[in-house]
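This report concerns only the one structure given below.
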Amino acid sequence: MKLIKKQIPLAIVFITGVLTLVSYYVPHKMSVNYIETINKWENIVVAFAFLLGLVSLFFSHYNKISRKVDGWGYSIFVFIGFLAMVVPALVSQGKQMTDTGFTALGWSYKFIYTSLSGTMFAVLAFYIVSTAYRSFRIRSLQAFVLFIAAFILILGKVPLGQIIWDWVLGWTGRGVNDVIEWIMQVPAVAGKRGIMIGISIGAIVTSLKIIFGIEKQYMGKD
Amino acid sequence: MLKEQLQKFFKIDRRWIFLLLAVTLFVPIMKPLGLPNKTISPATKRVYENLEKLPAGSFVLFSLDYDPSTRPELHPMATALVRHAFSRNLKVGVVTYIAGSTGLIEELFAKVSREYNKVDGQDYVIFPYQPNILAVLTQMSSDLYGIYSKDRNGTPVRDMPVLKGIKSYKDMSVIVCVTGTAILDYWVAYVGDKYRVPVAGGVTAISQPGYGPYLQTNQLKGLIGGMKGAAEYESLIKQPGKGTSGIDALNLAHLLVLALIFTSNILLILIRYL
Amino acid sequence: MEFFTHSWAMLAGQLAHGWVWFCGLFVVTESWMIAGGWVATGLTIFLFSFLYKDNPFFKVAEHLYLGAGMGWLFQVSVTNVWIPKIWEPVSKGELLVIIPSVLGLSLLTQFVPKISWISRYGFTFMMGYGAGLAIPAGLSTDFISQIGGTIKPFSMLATMSPWAIFNSLVVACGAICVLFYFFFSVEHKGHLKKVSNVGIYFLMIYFGAAFGNTVMARFSLLYGRFDDVYTYSGAKYFYASQIILLGMVVYFLVRWFTGKDKKELDAEETAG
C-alpha cells in the first residue's frame, strides 16, 4: 500500500521533474516529443484544479443553508451568482458578442461580473487612505526615507503634482519626472534586484527539494 | 485641553476620510480639471518604438491577462496598444491565461477592430483561454498549433490568413503582455530569455517598480505602468482615452493622501510636545 | 421499435425547438442595456455601502460575487478547455487525453479523507513539471542575468559619463548590501551590520516607491468604478445611480431613526 500511496507519487514527481529539466538543455527530437506531449497533458490536468475551489465553496455554503446557520439566506446568492453566469453561457453557447452586440453572456459579464469584481478591489482605495492617515508614522530615519520615496512618486505621477514641484523646486532645473526615473532606475533596482536574487536561490532550492522528494508537504499527511 | 482635542481630531471616525476621498475623486469625473498628463517615461516610449519600427504585416502577440478587478488601469493600456498595432497594419494574435479576461478581450476587439476595419481571422486572431500558462508557453516554442488548433469560437486556425507563416516564437516580432499578475515574469523567464523574442509589458502601478531590474538588463523591452503609463501611451499614439481622463481625475486624490500623511504626522508631533 | 425512435426524435425535436425559442428571449435589446446599468450601479453601490456599515445589501452583493466569479471560471473552463480539449478528441477516438483528465479529476479526492492519497497522483504530476521548468528559468533569468546586469556596465566604463558610473556603482553596492541583509545568518555585527543597514535603506526606497505606486493603482481602480457609476447616473439610464444611492441613504436613515443602528454603533464604540 505504501508503494501506491507514497512511492509511486514520489517517483512521478522525480521522473517528470528530471525529464522536464533535462529537456530544457537537450534539444533532441525525443526531448521535444516528450515536452510536447507533457505540455498538452499538464494543460488538461490544471483545467480541473479550479474544481477544488468550486467544490469547497459550494460545500461550505450548501452546509450553511442545510443547517440554517445565522445568515444562511445569503448563501443562496452564491448559487444565484453562479447560475447568473452559467445559464447565459448555455443560452449563448459561450459566445459574448455577435455582430449585433452583446449576447446574454456578454450582458452578465459586463453588468454583473465586471461591477462586482471591480468594486471588490476598488474598496481598497478607501482603506489605503485611512491607513495613510492613521498609521504612516515618520519616526525613524528609515521611515523617513520610505516616506520621501513615496512622497515623490505620489506627487510626481499626476500633472498637478508636477506643476507644484516646478513651482517650488523649478529652480533646481530638474523636473519631478527626472527624479522618479532616477529612483526607479537606480536605488529601486538595487533593492528589487537583491530581493530577486534572494528569491531565485530560494525557488531553485525548493524546486530541487520537490524533485528529490525532500519537500513533500503538498502531498498532505499519510 | 488642546492636546485632548488634537487627539480627538487624530482619532477621527475613518468614514469622514472615506467621504473626503469619494468627493475628491468623484468631482473631477463630473467636472474634469483639464490637467492631462504631459510627460512620457522612457520605458513607455520603448514599448511604443518597438511596435513603431516593425514593418507592416509583422506578427505581434498580445497576452492580455487582466480581469475586471484591474480593468481601469489595464484596459486603456491594452486598447491603446491594439489601436497602435492596427494603425501600423500589424497582424495581431491574442492569448490569455486569466479566465476573467475573455470578456474584456471581446469588448476590446469588437470596438477597435471596427475603428480600423480589421477582420477576425484575416487581421487578428483571438485564441481561447488556457489554464496552464507554463505548458502553453513552452509548447509555443516549437508548434503553437499543438495547443491552439482553434480560435475562441471553435474555428480552425491553421489556414487563417493572419497566421500565415506563423508557427512558433521565431516567427513573431514582439510579444506584449498586459497583466496585473506575475504572468509577465513568465513571459520574460520562459520565452523572452530563452527564445530571444522581444518581450514588452504593461502592468499595474503596484507591480511597476518590481520590473526595474529586467528593464535595466534589457530582458524587458519596455514597460507601461499603471494609469499614467496608459495616459502616456495614449498621447504617443495621439488618441486620448480613459487613461488620459483617468489621470486627470486622480490629480486631487493624490494630493489628498499627501495632505493626510502630513496632517497626521504634524498632529502627532504637536501631541507629543504640547 | 420504430414507434419509439420516432417519438424520441419528435421529443428531441420539440426540446430543441423549445430551447431555441427560449434562447430567443435573451436578445439583448436597448432596454436590457438600461436594465444592465441599473444592475451594475446597484451592485457597485451595495458593495461600497460596507464602508459606512455592514448591511444586508452588501452581504447579498458579496455572496453574488463569490458565485459569479466561480460561475465565470466554470463556463470559461467548459467552453474553452473541457469541450475542445477533452470532449471533442475523445468523441473522435483520441483516448489518450483521458489520462490527464483522470489525473485532473484525482485532485478532487482531496475532499474524501479516506482516499485523499489518490490526489497525490495529480499533484505530483503538476509539481514535478513545474519544478523542472522553474529551475533553469530561475537560474538564468533571476540569478545569472541579474548578476550579469549588475557587472556589465563596468565593462563599458570608458564610454560612460561620471554620473552613469556613479549610478552603476549605486546599483551594484545596493544590491550587494540587500543580499547581505537577507542572507548572512551570522549575527550582524560591526562592519557586517553597517553593510546590511545600508541594505535596509535601499529596501526602504524600493518599498516607498512601491507604496507610492500602490496609492495610484488603488485610486485608478476606484476611478474606474466611479466613472461607471457616473455613466449610469445619466438621463439615458433614468438616473439609476442617484435613485439607488438615495435608496441606500433612506435605508440607513430609517435604521438610524428606528434605533436599530444606534445601539450597534454604541456597542462598537464602547468595544473600540
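Letters A, B, ... go to the chains of the C-alpha cells in the order shown; residues in each chain start at 1; ligands are counted from 1 in the same order.
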
Subject >> Which of chain A DSSP labels alpha helix (DSSP H), written as a PyMOL selection string >> reply: chain A and resi 2+8-25+29-46+50-67+72-92+104-108+114-122+124-135+141-156+159-169+176-185+187-211

Hey, could you make a per-residue contact list for chain C against chain A with 6 Å as the cut-off, showing the nearest pair of atoms and its distance in Å to one decimal, counting only C-alpha atoms, sorted by chain and number, as a Markdown table?
```
| residue | atom | partner | partner_atom | distance |
| --- | --- | --- | --- | --- |
| C:Cys23 | CA | A:Val91 | CA | 5.5 |
| C:Phe26 | CA | A:Ala104 | CA | 5.9 |
| C:Gly36 | CA | A:Phe111 | CA | 5.4 |
| C:Ala40 | CA | A:Phe111 | CA | 4.8 |
| C:Thr44 | CA | A:Ser115 | CA | 5.8 |
| C:Val60 | CA | A:Tyr74 | CA | 5.8 |
| C:His63 | CA | A:Val78 | CA | 4.9 |
| C:Leu64 | CA | A:Gly81 | CA | 4.4 |
| C:Tyr65 | CA | A:Leu116 | CA | 5.6 |
| C:Leu66 | CA | A:Val78 | CA | 6.0 |
| C:Gly67 | CA | A:Val78 | CA | 4.1 |
| C:Ala68 | CA | A:Gly81 | CA | 4.3 |
| C:Gly71 | CA | A:Phe82 | CA | 4.2 |
| C:Trp72 | CA | A:Met85 | CA | 5.6 |
| C:Gln75 | CA | A:Val86 | CA | 5.8 |
| C:Pro100 | CA | A:Trp41 | CA | 5.3 |
| C:Ser101 | CA | A:Val45 | CA | 5.9 |
| C:Gly104 | CA | A:Val45 | CA | 4.2 |
| C:Trp117 | CA | A:Lys5 | CA | 6.0 |
| C:Arg120 | CA | A:Met219 | CA | 5.8 |
| C:Tyr121 | CA | A:Pro9 | CA | 5.5 |
| C:Thr124 | CA | A:Val13 | CA | 4.9 |
| C:Phe125 | CA | A:Val13 | CA | 5.9 |
| C:Gly128 | CA | A:Gly17 | CA | 4.1 |
| C:Tyr129 | CA | A:Gly17 | CA | 5.1 |
| C:Ala131 | CA | A:Ser207 | CA | 4.7 |
| C:Gly132 | CA | A:Gly17 | CA | 4.4 |
| C:Leu133 | CA | A:Leu21 | CA | 6.0 |
| C:Ile135 | CA | A:Ile204 | CA | 5.2 |
| C:Gly138 | CA | A:Ser200 | CA | 5.6 |
| C:Asp142 | CA | A:Ser200 | CA | 5.8 |
| C:Phe143 | CA | A:Ile197 | CA | 5.3 |
| C:Val171 | CA | A:Ala190 | CA | 4.6 |
| C:Gly174 | CA | A:Ala190 | CA | 4.9 |
| C:Ala175 | CA | A:Ala190 | CA | 4.5 |
| C:Val178 | CA | A:Gly194 | CA | 5.2 |
| C:Leu179 | CA | A:Gly194 | CA | 5.2 |
| C:Phe202 | CA | A:Gly191 | CA | 5.0 |
| C:Leu203 | CA | A:Gly191 | CA | 4.8 |
| C:Met204 | CA | A:Leu146 | CA | 4.9 |
| C:Ile205 | CA | A:Leu146 | CA | 5.3 |
| C:Tyr206 | CA | A:Ala188 | CA | 4.4 |
| C:Gly208 | CA | A:Leu146 | CA | 4.3 |
| C:Ala209 | CA | A:Ala150 | CA | 5.1 |
| C:Phe211 | CA | A:Ala150 | CA | 5.9 |
| C:Gly212 | CA | A:Ala150 | CA | 4.3 |
| C:Arg218 | CA | A:Ala125 | CA | 4.7 |
| C:Phe219 | CA | A:Ala125 | CA | 5.6 |
| C:Leu221 | CA | A:Ala122 | CA | 5.0 |
| C:Leu222 | CA | A:Ala122 | CA | 4.5 |
```

**OP:** Find the residues of chain B in contact range of chain A, meaning any atom within 8 Å when counting only C-alpha atoms, and list them as a ChimeraX atom specification.
**Re:** /B:10-11,14,17-18,21,35-39,41,68-71,103,106-107,110,130-133,135-136,138-139,146-147,153,209-210,212-213,216,228,247-248,250-252,254-255,257-258,260-261,263-265

Residues of the last selection are to be written out with N, CA and C atoms, as a compact mmCIF listing (two decimals), in the first residue's frame.
```
# COMPACT_ATOMS: atom_id res chain seq x y z
N PHE B 10 -7.26 63.48 15.77
CA PHE B 10 -6.42 62.45 15.18
C PHE B 10 -7.17 61.13 15.07
N LYS B 11 -8.02 60.88 16.07
CA LYS B 11 -8.76 59.61 16.06
C LYS B 11 -10.14 59.75 15.42
N ARG B 14 -13.03 57.09 10.72
CA ARG B 14 -12.40 56.99 9.40
C ARG B 14 -13.40 57.17 8.26
N ILE B 17 -12.94 60.28 6.44
CA ILE B 17 -11.85 60.24 5.45
C ILE B 17 -12.34 59.57 4.16
N PHE B 18 -13.13 58.50 4.33
CA PHE B 18 -13.71 57.82 3.16
C PHE B 18 -14.52 58.81 2.33
N LEU B 21 -12.37 61.26 0.41
CA LEU B 21 -11.77 60.67 -0.78
C LEU B 21 -12.82 60.53 -1.89
N LEU B 35 -6.23 68.94 -16.68
CA LEU B 35 -4.78 68.88 -16.49
C LEU B 35 -4.29 67.51 -16.94
N PRO B 36 -4.21 67.28 -18.24
CA PRO B 36 -3.82 65.95 -18.70
C PRO B 36 -2.34 65.68 -18.51
N ASN B 37 -1.98 64.42 -18.63
CA ASN B 37 -0.58 64.02 -18.47
C ASN B 37 0.28 64.65 -19.57
N LYS B 38 1.47 65.12 -19.18
CA LYS B 38 2.32 65.78 -20.18
C LYS B 38 3.64 65.05 -20.42
N THR B 39 4.12 64.35 -19.38
CA THR B 39 5.45 63.73 -19.51
C THR B 39 5.31 62.29 -19.99
N SER B 41 7.45 58.59 -19.90
CA SER B 41 8.62 57.93 -19.34
C SER B 41 9.32 57.12 -20.42
N PRO B 68 -11.71 42.14 -14.64
CA PRO B 68 -12.32 43.43 -14.29
C PRO B 68 -11.73 44.09 -13.04
N SER B 69 -11.06 43.31 -12.18
CA SER B 69 -10.54 43.92 -10.96
C SER B 69 -9.43 44.92 -11.25
N THR B 70 -8.72 44.79 -12.37
CA THR B 70 -7.70 45.77 -12.71
C THR B 70 -8.02 46.48 -14.03
N ARG B 71 -9.25 46.35 -14.46
CA ARG B 71 -9.67 46.92 -15.72
C ARG B 71 -9.36 48.41 -15.90
N GLY B 103 -13.93 38.20 -21.47
CA GLY B 103 -14.98 39.17 -21.77
C GLY B 103 -14.43 40.52 -22.17
N GLU B 106 -13.08 40.42 -25.73
CA GLU B 106 -14.17 40.52 -26.71
C GLU B 106 -14.62 41.97 -26.87
N GLU B 107 -14.82 42.64 -25.74
CA GLU B 107 -15.26 44.04 -25.78
C GLU B 107 -14.26 44.90 -26.55
N ALA B 110 -14.24 44.00 -30.34
CA ALA B 110 -15.48 44.39 -31.01
C ALA B 110 -15.44 45.88 -31.36
N GLN B 130 -6.44 29.40 -21.86
CA GLN B 130 -5.84 28.13 -21.47
C GLN B 130 -5.44 28.20 -20.00
N PRO B 131 -5.62 27.10 -19.26
CA PRO B 131 -5.39 27.17 -17.82
C PRO B 131 -3.92 27.11 -17.41
N ASN B 132 -3.09 26.38 -18.12
CA ASN B 132 -1.72 26.19 -17.65
C ASN B 132 -0.74 27.00 -18.49
N ILE B 133 -0.39 28.16 -17.99
CA ILE B 133 0.45 29.07 -18.78
C ILE B 133 1.81 28.48 -19.11
N ALA B 135 2.71 25.41 -19.55
CA ALA B 135 2.62 24.40 -20.60
C ALA B 135 2.46 25.06 -21.97
N VAL B 136 1.62 26.08 -22.04
CA VAL B 136 1.36 26.72 -23.33
C VAL B 136 2.59 27.49 -23.80
N THR B 138 5.68 26.94 -23.12
CA THR B 138 6.71 26.01 -23.57
C THR B 138 6.32 25.43 -24.94
N GLN B 139 5.05 25.09 -25.08
CA GLN B 139 4.58 24.48 -26.33
C GLN B 139 4.75 25.42 -27.52
N GLY B 146 -0.07 22.99 -31.63
CA GLY B 146 -0.20 21.86 -30.72
C GLY B 146 -1.19 22.16 -29.60
N ILE B 147 -1.27 23.42 -29.22
CA ILE B 147 -2.24 23.82 -28.18
C ILE B 147 -3.40 24.58 -28.81
N ASN B 153 -13.82 30.81 -30.98
CA ASN B 153 -15.16 30.43 -31.42
C ASN B 153 -15.20 29.02 -32.00
N PRO B 209 7.32 49.03 -10.07
CA PRO B 209 8.71 49.18 -9.59
C PRO B 209 9.48 47.86 -9.60
N GLY B 210 8.77 46.73 -9.51
CA GLY B 210 9.43 45.43 -9.47
C GLY B 210 10.10 45.04 -10.76
N GLY B 212 12.02 47.02 -12.62
CA GLY B 212 13.22 47.81 -12.88
C GLY B 212 14.42 46.98 -13.30
N PRO B 213 14.75 45.89 -12.57
CA PRO B 213 15.92 45.10 -12.95
C PRO B 213 15.82 44.53 -14.37
N GLN B 216 16.55 47.25 -16.90
CA GLN B 216 17.95 47.65 -16.96
C GLN B 216 18.77 46.64 -17.76
N LYS B 228 -0.93 56.09 -15.38
CA LYS B 228 -0.08 57.09 -16.00
C LYS B 228 0.53 56.54 -17.28
N ILE B 247 -6.14 59.99 -15.46
CA ILE B 247 -5.04 60.68 -14.77
C ILE B 247 -5.49 62.08 -14.35
N ASP B 248 -6.36 62.68 -15.14
CA ASP B 248 -6.89 63.99 -14.80
C ASP B 248 -7.71 63.90 -13.50
N LEU B 250 -7.31 61.76 -11.11
CA LEU B 250 -6.52 61.36 -9.95
C LEU B 250 -5.78 62.52 -9.29
N ASN B 251 -5.65 63.65 -10.01
CA ASN B 251 -4.88 64.80 -9.51
C ASN B 251 -5.13 65.12 -8.05
N LEU B 252 -6.40 65.40 -7.74
CA LEU B 252 -6.73 65.89 -6.40
C LEU B 252 -6.56 64.80 -5.35
N HIS B 254 -4.49 62.35 -5.24
CA HIS B 254 -3.08 62.17 -4.88
C HIS B 254 -2.65 63.21 -3.86
N LEU B 255 -3.06 64.44 -4.09
CA LEU B 255 -2.67 65.49 -3.15
C LEU B 255 -3.34 65.27 -1.80
N VAL B 257 -3.92 62.41 -0.29
CA VAL B 257 -3.15 61.45 0.50
C VAL B 257 -1.97 62.12 1.15
N LEU B 258 -1.24 62.93 0.36
CA LEU B 258 -0.07 63.61 0.91
C LEU B 258 -0.50 64.53 2.05
N LEU B 260 -3.03 64.23 3.99
CA LEU B 260 -3.41 63.44 5.17
C LEU B 260 -2.19 62.94 5.93
N ILE B 261 -1.17 62.47 5.18
CA ILE B 261 0.04 61.97 5.86
C ILE B 261 0.71 63.12 6.62
N THR B 263 -0.73 65.92 7.75
CA THR B 263 -1.57 66.34 8.87
C THR B 263 -1.39 65.41 10.06
N SER B 264 -1.45 64.11 9.80
CA SER B 264 -1.40 63.19 10.94
C SER B 264 -0.04 63.25 11.62
N ASN B 265 1.04 63.41 10.83
CA ASN B 265 2.36 63.45 11.47
C ASN B 265 2.58 64.74 12.23
```

**OP:** Provide as JSON, numbers by chain the residues of chain C at most 9 Å from chain B, counting only C-alpha atoms.
**Re:** {"C": [51, 52, 69, 72, 73, 74, 76, 77, 79, 80, 81, 84, 85, 130, 133, 134, 137, 138, 140, 141, 142, 145, 146, 148, 149, 150, 152, 206, 207, 209, 210, 211, 212, 213, 214, 215, 216, 217, 218, 219, 220, 221, 222, 223, 224, 225, 226, 227, 230]}

**OP:** Would you please give, as a list in words, all residues of segment 6-84 of chain B that DSSP assigns to strand (DSSP E or B) based on the backbone?
**Re:** Phe59, Val60, Leu61, Phe62, Ser63, Leu64 and Asp65 of chain B

Residues of the last selection are to be written out with N, CA and C atoms, as a PDB file, in the first residue's frame.
```
ATOM      1  N   PHE B  59       3.961  40.026 -37.251  1.00  0.00           N
ATOM      2  CA  PHE B  59       3.022  39.410 -36.315  1.00  0.00           C
ATOM      3  C   PHE B  59       3.383  39.795 -34.880  1.00  0.00           C
ATOM      4  N   VAL B  60       2.395  40.337 -34.164  1.00  0.00           N
ATOM      5  CA  VAL B  60       2.592  40.720 -32.771  1.00  0.00           C
ATOM      6  C   VAL B  60       1.671  39.871 -31.914  1.00  0.00           C
ATOM      7  N   LEU B  61       2.208  39.332 -30.827  1.00  0.00           N
ATOM      8  CA  LEU B  61       1.365  38.531 -29.936  1.00  0.00           C
ATOM      9  C   LEU B  61       1.061  39.341 -28.675  1.00  0.00           C
ATOM     10  N   PHE B  62      -0.224  39.513 -28.380  1.00  0.00           N
ATOM     11  CA  PHE B  62      -0.617  40.175 -27.138  1.00  0.00           C
ATOM     12  C   PHE B  62      -1.104  39.122 -26.149  1.00  0.00           C
ATOM     13  N   SER B  63      -0.530  39.160 -24.953  1.00  0.00           N
ATOM     14  CA  SER B  63      -1.029  38.286 -23.901  1.00  0.00           C
ATOM     15  C   SER B  63      -1.801  39.185 -22.934  1.00  0.00           C
ATOM     16  N   LEU B  64      -3.132  39.161 -23.043  1.00  0.00           N
ATOM     17  CA  LEU B  64      -3.947  40.086 -22.254  1.00  0.00           C
ATOM     18  C   LEU B  64      -4.503  39.345 -21.045  1.00  0.00           C
ATOM     19  N   ASP B  65      -3.838  39.513 -19.916  1.00  0.00           N
ATOM     20  CA  ASP B  65      -4.181  38.718 -18.738  1.00  0.00           C
ATOM     21  C   ASP B  65      -4.628  39.597 -17.573  1.00  0.00           C
TER      22      ASP B  65
END
```

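With atom CA of Ile98 of chain C on one side and atom CA of Asn33 of chain A on the other, the separation reads 18.9 Å.
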
Determine, counting only C-alpha atoms, which protein, DNA and RNA residues have an atom within 9 Å of an atom of Ser168 of chain B; residues of the same chain fewer than 3 positions away are not included. Present the result as a compact mmCIF listing (two decimals) with all heavy atoms, in the first residue's frame.
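The file below, around_36.txt, is the result:
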```
# COMPACT_ATOMS: atom_id res chain seq x y z
N GLN B 139 5.05 25.09 -25.08
CA GLN B 139 4.58 24.48 -26.33
C GLN B 139 4.75 25.42 -27.52
O GLN B 139 5.14 25.00 -28.61
CB GLN B 139 3.09 24.09 -26.18
CG GLN B 139 2.46 23.51 -27.43
CD GLN B 139 3.12 22.22 -27.86
OE1 GLN B 139 3.61 21.45 -27.03
NE2 GLN B 139 3.17 22.00 -29.16
N MET B 140 4.48 26.71 -27.32
CA MET B 140 4.53 27.64 -28.45
C MET B 140 5.94 27.84 -28.97
O MET B 140 6.14 28.42 -30.03
CB MET B 140 3.91 28.99 -28.06
CG MET B 140 2.39 28.95 -28.07
SD MET B 140 1.67 30.60 -28.20
CE MET B 140 1.98 31.24 -26.58
N SER B 141 6.95 27.33 -28.25
CA SER B 141 8.32 27.48 -28.76
C SER B 141 8.54 26.55 -29.94
O SER B 141 9.39 26.83 -30.79
CB SER B 141 9.30 27.18 -27.65
OG SER B 141 9.20 25.81 -27.30
N SER B 142 7.80 25.44 -30.00
CA SER B 142 8.03 24.54 -31.13
C SER B 142 6.86 24.58 -32.12
O SER B 142 7.07 24.62 -33.33
CB SER B 142 8.28 23.11 -30.65
OG SER B 142 7.24 22.71 -29.78
N ASP B 143 5.62 24.54 -31.61
CA ASP B 143 4.48 24.50 -32.52
C ASP B 143 3.24 24.98 -31.79
O ASP B 143 2.67 24.26 -30.98
CB ASP B 143 4.28 23.04 -33.00
CG ASP B 143 3.04 22.90 -33.87
OD1 ASP B 143 2.58 23.92 -34.39
OD2 ASP B 143 2.55 21.76 -34.00
N LEU B 144 2.82 26.20 -32.08
CA LEU B 144 1.69 26.75 -31.33
C LEU B 144 0.39 26.03 -31.64
O LEU B 144 -0.52 25.98 -30.81
CB LEU B 144 1.55 28.26 -31.55
CG LEU B 144 1.04 28.83 -32.87
CD1 LEU B 144 -0.47 29.02 -32.81
CD2 LEU B 144 1.68 30.19 -33.09
N TYR B 145 0.32 25.39 -32.81
CA TYR B 145 -0.93 24.68 -33.16
C TYR B 145 -1.13 23.42 -32.31
O TYR B 145 -2.23 22.87 -32.29
CB TYR B 145 -0.93 24.32 -34.65
CG TYR B 145 -0.75 25.53 -35.53
CD1 TYR B 145 0.46 25.80 -36.14
CD2 TYR B 145 -1.80 26.44 -35.69
CE1 TYR B 145 0.64 26.94 -36.91
CE2 TYR B 145 -1.63 27.58 -36.46
CZ TYR B 145 -0.41 27.82 -37.08
OH TYR B 145 -0.23 28.94 -37.83
N ASP B 171 8.76 33.20 -35.40
CA ASP B 171 8.03 33.92 -36.45
C ASP B 171 7.33 35.17 -35.93
O ASP B 171 6.61 35.85 -36.66
CB ASP B 171 6.97 33.00 -37.07
CG ASP B 171 7.57 31.65 -37.47
OD1 ASP B 171 8.62 31.67 -38.13
OD2 ASP B 171 7.00 30.61 -37.10
N MET B 172 7.49 35.44 -34.64
CA MET B 172 6.80 36.60 -34.06
C MET B 172 7.78 37.74 -33.86
O MET B 172 8.95 37.52 -33.54
CB MET B 172 6.19 36.21 -32.71
CG MET B 172 5.19 35.07 -32.82
SD MET B 172 4.56 34.62 -31.21
CE MET B 172 3.63 33.15 -31.64
```

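Ranking A:Trp72, A:Arg174, A:His28, A:Ser66 by their shortest atom-to-atom distance to Pro56 of chain C, with only C-alpha atoms included, puts A:Trp72 first.
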
**OP:** May I ask for the distance between atom CA of Thr24 of chain B and atom CA of Phe58 of chain C, given in Å to one decimal place?
**Re:**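 Computed distance, atom CA of Thr24 of chain B to atom CA of Phe58 of chain C, equals 23.5 Å.
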
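Nearest-residue note for Gly93 of chain B: choosing from B:Ile126, B:Val174, B:Leu137, B:Met160, the minimum distance belongs to B:Ile126, counting only C-alpha atoms.
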
**OP:** Write out as a list in words the residues lying within 12 Å of Lys8 of chain B, counting only C-alpha atoms and excluding same-chain residues fewer than 6 positions away.
**Re:**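 Everything that qualifies: Met1, Leu2, Ser264, Leu267, Leu268 and Ile271 of chain B.
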
Emit the selected residues as a short mmCIF file (atom, residue, chain, number, x, y, z; two decimals), in the first residue's frame, including all heavy atoms.
```cif
data_model
loop_
_atom_site.label_atom_id
_atom_site.label_comp_id
_atom_site.auth_asym_id
_atom_site.auth_seq_id
_atom_site.Cartn_x
_atom_site.Cartn_y
_atom_site.Cartn_z
N MET B 1 -5.81 70.37 27.49
CA MET B 1 -7.12 70.54 26.86
C MET B 1 -6.99 70.48 25.33
O MET B 1 -7.66 69.71 24.66
CB MET B 1 -7.71 71.89 27.30
CG MET B 1 -9.18 72.03 26.96
SD MET B 1 -10.16 70.70 27.70
CE MET B 1 -11.52 70.66 26.60
N LEU B 2 -6.04 71.35 24.86
CA LEU B 2 -5.80 71.40 23.41
C LEU B 2 -5.30 70.03 22.93
O LEU B 2 -5.70 69.53 21.88
CB LEU B 2 -4.76 72.49 23.11
CG LEU B 2 -4.40 72.65 21.63
CD1 LEU B 2 -5.60 73.14 20.83
CD2 LEU B 2 -3.22 73.58 21.45
N SER B 264 -1.45 64.11 9.80
CA SER B 264 -1.40 63.19 10.94
C SER B 264 -0.04 63.25 11.62
O SER B 264 0.04 63.20 12.84
CB SER B 264 -1.73 61.77 10.50
OG SER B 264 -0.69 61.27 9.70
N LEU B 267 0.18 66.47 13.61
CA LEU B 267 -0.66 66.31 14.80
C LEU B 267 0.07 65.52 15.88
O LEU B 267 0.08 65.89 17.05
CB LEU B 267 -1.96 65.57 14.44
CG LEU B 267 -3.09 66.40 13.83
CD1 LEU B 267 -4.27 65.51 13.51
CD2 LEU B 267 -3.50 67.50 14.78
N LEU B 268 0.73 64.46 15.45
CA LEU B 268 1.43 63.61 16.42
C LEU B 268 2.56 64.37 17.09
O LEU B 268 2.76 64.26 18.30
CB LEU B 268 1.99 62.39 15.70
CG LEU B 268 1.05 61.20 15.64
CD1 LEU B 268 1.77 60.01 15.04
CD2 LEU B 268 0.53 60.84 17.03
N ILE B 271 1.01 66.71 19.57
CA ILE B 271 0.51 65.99 20.75
C ILE B 271 1.66 65.63 21.67
O ILE B 271 1.57 65.74 22.88
CB ILE B 271 -0.26 64.72 20.32
CG1 ILE B 271 -1.58 65.11 19.65
CG2 ILE B 271 -0.54 63.82 21.52
CD1 ILE B 271 -2.30 63.97 18.97
#
```

**OP:** Do a neighbour search on Leu108 of chain B at 9 Å with only C-alpha atoms, toss out local chain neighbours closer than 6 positions, and write the hits as a list of chain:residue names.
**Re:** B:His75, B:Ala78, B:Thr79, B:Val82
